[in-house]
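*Asks:* Please find one structure pasted underneath; my questions will follow.
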Amino acid sequence: MTLEERHAAEQFCYLTTVGRVTGNPHEIEIWFGLVGNTLYILSGGRDRSDWVKNLANTPSVGVRVADIQMTGVARIVREGSDEDGQARRLLRAKYQPGYSSDLSEWERNALPIAVDFDPSPEA
């Protein structure tokens, strides 16, 4: 069973970045989608979000999905690329059915972030 299949029903992942000012770890809970060895998240605050500023400064991040801990390298997805559209559609398709409001504006305007990780978990 792939990581995608194993965690398809999980609602949140926990992203740990290194604080760009303090150097301390900062963890957030966030919606996510997985495709192969890449995890996608959307920043509603775009590049103004502290966690995005942190990963832009130090792209090495930690990601926890349920009981699996992984390390990866985060990057901002290039706007207008196939990957950009894929990330947006993936997250909206996952979360819209259980969400009471329309997520189309979030899908259009949020900043997609990809985390590419080593396929072997550090469970």
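Chains: A, B, ... in order of the structure tokens. Residues: from 1 per chain. Ligands: from 1, in order shown.
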Do a neighbour search on region 104-118 of chain A at 8 Å with only C-alpha atoms, toss out local chain neighbours closer than 6 positions, and write the hits as an MDAnalysis selection string.
*Replies:* chainID A and resid 37:47 70:77 84 87:89 91:92
*Asks:* Please identify all polymer residues within 9 Å of Cys13 (chain A), counting only C-alpha atoms, omitting same-chain residues fewer than 3 positions from it, and present them as number ranges by chain.
*Replies:* A: 10, 28-32, 63-66
*Asks:* Go ahead and save the residues from that selection, with N, CA and C atoms, as a JSON list (two decimals), in the first residue's frame.
*Replies:*
[["chain", "number", "residue", "atom", "x", "y", "z"],
["A", 10, "GLU", "N", -6.82, 10.77, 5.98],
["A", 10, "GLU", "CA", -6.33, 11.70, 7.00],
["A", 10, "GLU", "C", -6.69, 13.13, 6.59],
["A", 28, "ILE", "N", 2.67, 23.59, 12.31],
["A", 28, "ILE", "CA", 1.30, 23.99, 12.00],
["A", 28, "ILE", "C", 0.52, 22.75, 11.58],
["A", 29, "GLU", "N", -0.78, 22.81, 11.79],
["A", 29, "GLU", "CA", -1.70, 21.78, 11.31],
["A", 29, "GLU", "C", -2.31, 22.33, 10.04],
["A", 30, "ILE", "N", -2.32, 21.53, 8.97],
["A", 30, "ILE", "CA", -2.77, 22.06, 7.68],
["A", 30, "ILE", "C", -3.34, 20.95, 6.80],
["A", 31, "TRP", "N", -4.27, 21.33, 5.93],
["A", 31, "TRP", "CA", -4.81, 20.41, 4.93],
["A", 31, "TRP", "C", -3.71, 20.04, 3.95],
["A", 32, "PHE", "N", -3.81, 18.84, 3.38],
["A", 32, "PHE", "CA", -2.77, 18.37, 2.48],
["A", 32, "PHE", "C", -3.32, 17.37, 1.48],
["A", 63, "VAL", "N", 7.42, 16.65, 8.20],
["A", 63, "VAL", "CA", 6.00, 16.46, 7.95],
["A", 63, "VAL", "C", 5.57, 15.20, 8.70],
["A", 64, "ARG", "N", 4.46, 15.33, 9.42],
["A", 64, "ARG", "CA", 3.88, 14.17, 10.11],
["A", 64, "ARG", "C", 2.47, 13.98, 9.59],
["A", 65, "VAL", "N", 2.19, 12.77, 9.14],
["A", 65, "VAL", "CA", 0.84, 12.39, 8.74],
["A", 65, "VAL", "C", 0.51, 11.16, 9.57],
["A", 66, "ALA", "N", -0.47, 11.32, 10.46],
["A", 66, "ALA", "CA", -0.83, 10.25, 11.41],
["A", 66, "ALA", "C", 0.43, 9.82, 12.15]]
*Asks:* Considering only C-alpha atoms, can you say which of A:Arg78, A:Val35, A:Trp51, A:Gly98 comes closest to Tyr14 (chain A)?
*Replies:* A:Trp51
*Asks:* Please return as a count of residues only: the residues of chain A that backbone DSSP assigns to alpha helix (DSSP H).
*Replies:* 32
*Asks:* Write out as number ranges by chain the set of residues from chain A that DSSP, computed on the backbone, places in strand (DSSP E or B).
*Replies:* A: 13-18, 25-30, 33-35, 38-43, 60-65, 68-76, 111-117
*Asks:* Could you check how far CA of Gln96 (chain A) sits from CA of Ser81 (chain A), in Å to one decimal?
*Replies:*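 Atom-to-atom, CA of Gln96 (chain A) and CA of Ser81 (chain A) are spaced 22.5 Å apart.
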*Asks:* List the spatial neighbours of Gly19 (chain A) as a ChimeraX atom specification - criterion: any atom at most 8 Å away, only C-alpha atoms, same-chain residues fewer than 5 positions off excluded.
*Replies:* /A:24-26,51,54
*Asks:* Since we have the selection now, will you write its residues out, keeping N, CA, C and O atoms, as a PDB file, in the first residue's frame?
*Replies:*
ATOM      1  N   ASN A  24      14.049  28.218  15.962  1.00  0.00           N
ATOM      2  CA  ASN A  24      13.286  27.194  16.667  1.00  0.00           C
ATOM      3  C   ASN A  24      12.302  26.513  15.728  1.00  0.00           C
ATOM      4  O   ASN A  24      11.811  27.128  14.773  1.00  0.00           O
ATOM      5  N   PRO A  25      11.944  25.257  16.014  1.00  0.00           N
ATOM      6  CA  PRO A  25      10.949  24.582  15.191  1.00  0.00           C
ATOM      7  C   PRO A  25       9.556  25.165  15.432  1.00  0.00           C
ATOM      8  O   PRO A  25       9.206  25.526  16.557  1.00  0.00           O
ATOM      9  N   HIS A  26       8.796  25.283  14.346  1.00  0.00           N
ATOM     10  CA  HIS A  26       7.410  25.770  14.408  1.00  0.00           C
ATOM     11  C   HIS A  26       6.532  24.770  13.664  1.00  0.00           C
ATOM     12  O   HIS A  26       6.792  24.477  12.498  1.00  0.00           O
ATOM     13  N   TRP A  51       4.861  30.625   8.070  1.00  0.00           N
ATOM     14  CA  TRP A  51       5.412  29.315   7.756  1.00  0.00           C
ATOM     15  C   TRP A  51       5.986  29.270   6.341  1.00  0.00           C
ATOM     16  O   TRP A  51       6.971  28.586   6.096  1.00  0.00           O
ATOM     17  N   ASN A  54       9.256  31.025   6.558  1.00  0.00           N
ATOM     18  CA  ASN A  54      10.222  30.111   7.188  1.00  0.00           C
ATOM     19  C   ASN A  54      10.781  29.107   6.191  1.00  0.00           C
ATOM     20  O   ASN A  54      11.994  28.908   6.108  1.00  0.00           O
TER      21      ASN A  54
END
*Asks:* Looking at A:Phe12, A:Thr22, A:Gly33, A:Thr17, which one is nearest to Ala93 (chain A), with distances taken over only C-alpha atoms?
*Replies:* A:Gly33
*Asks:* Please, what distance in Å, to one decimal, runs between CA of Gly85 (chain A) and CA of Gly36 (chain A)?
*Replies:* 16.3 Å
*Asks:* Nearest to Gln11 (chain A): which of A:Ala56, A:Lys94, A:Gln69, A:Leu103 is it, counting only C-alpha atoms?
*Replies:*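 Counting only C-alpha atoms, the residue closest to Gln11 (chain A) is A:Lys94.
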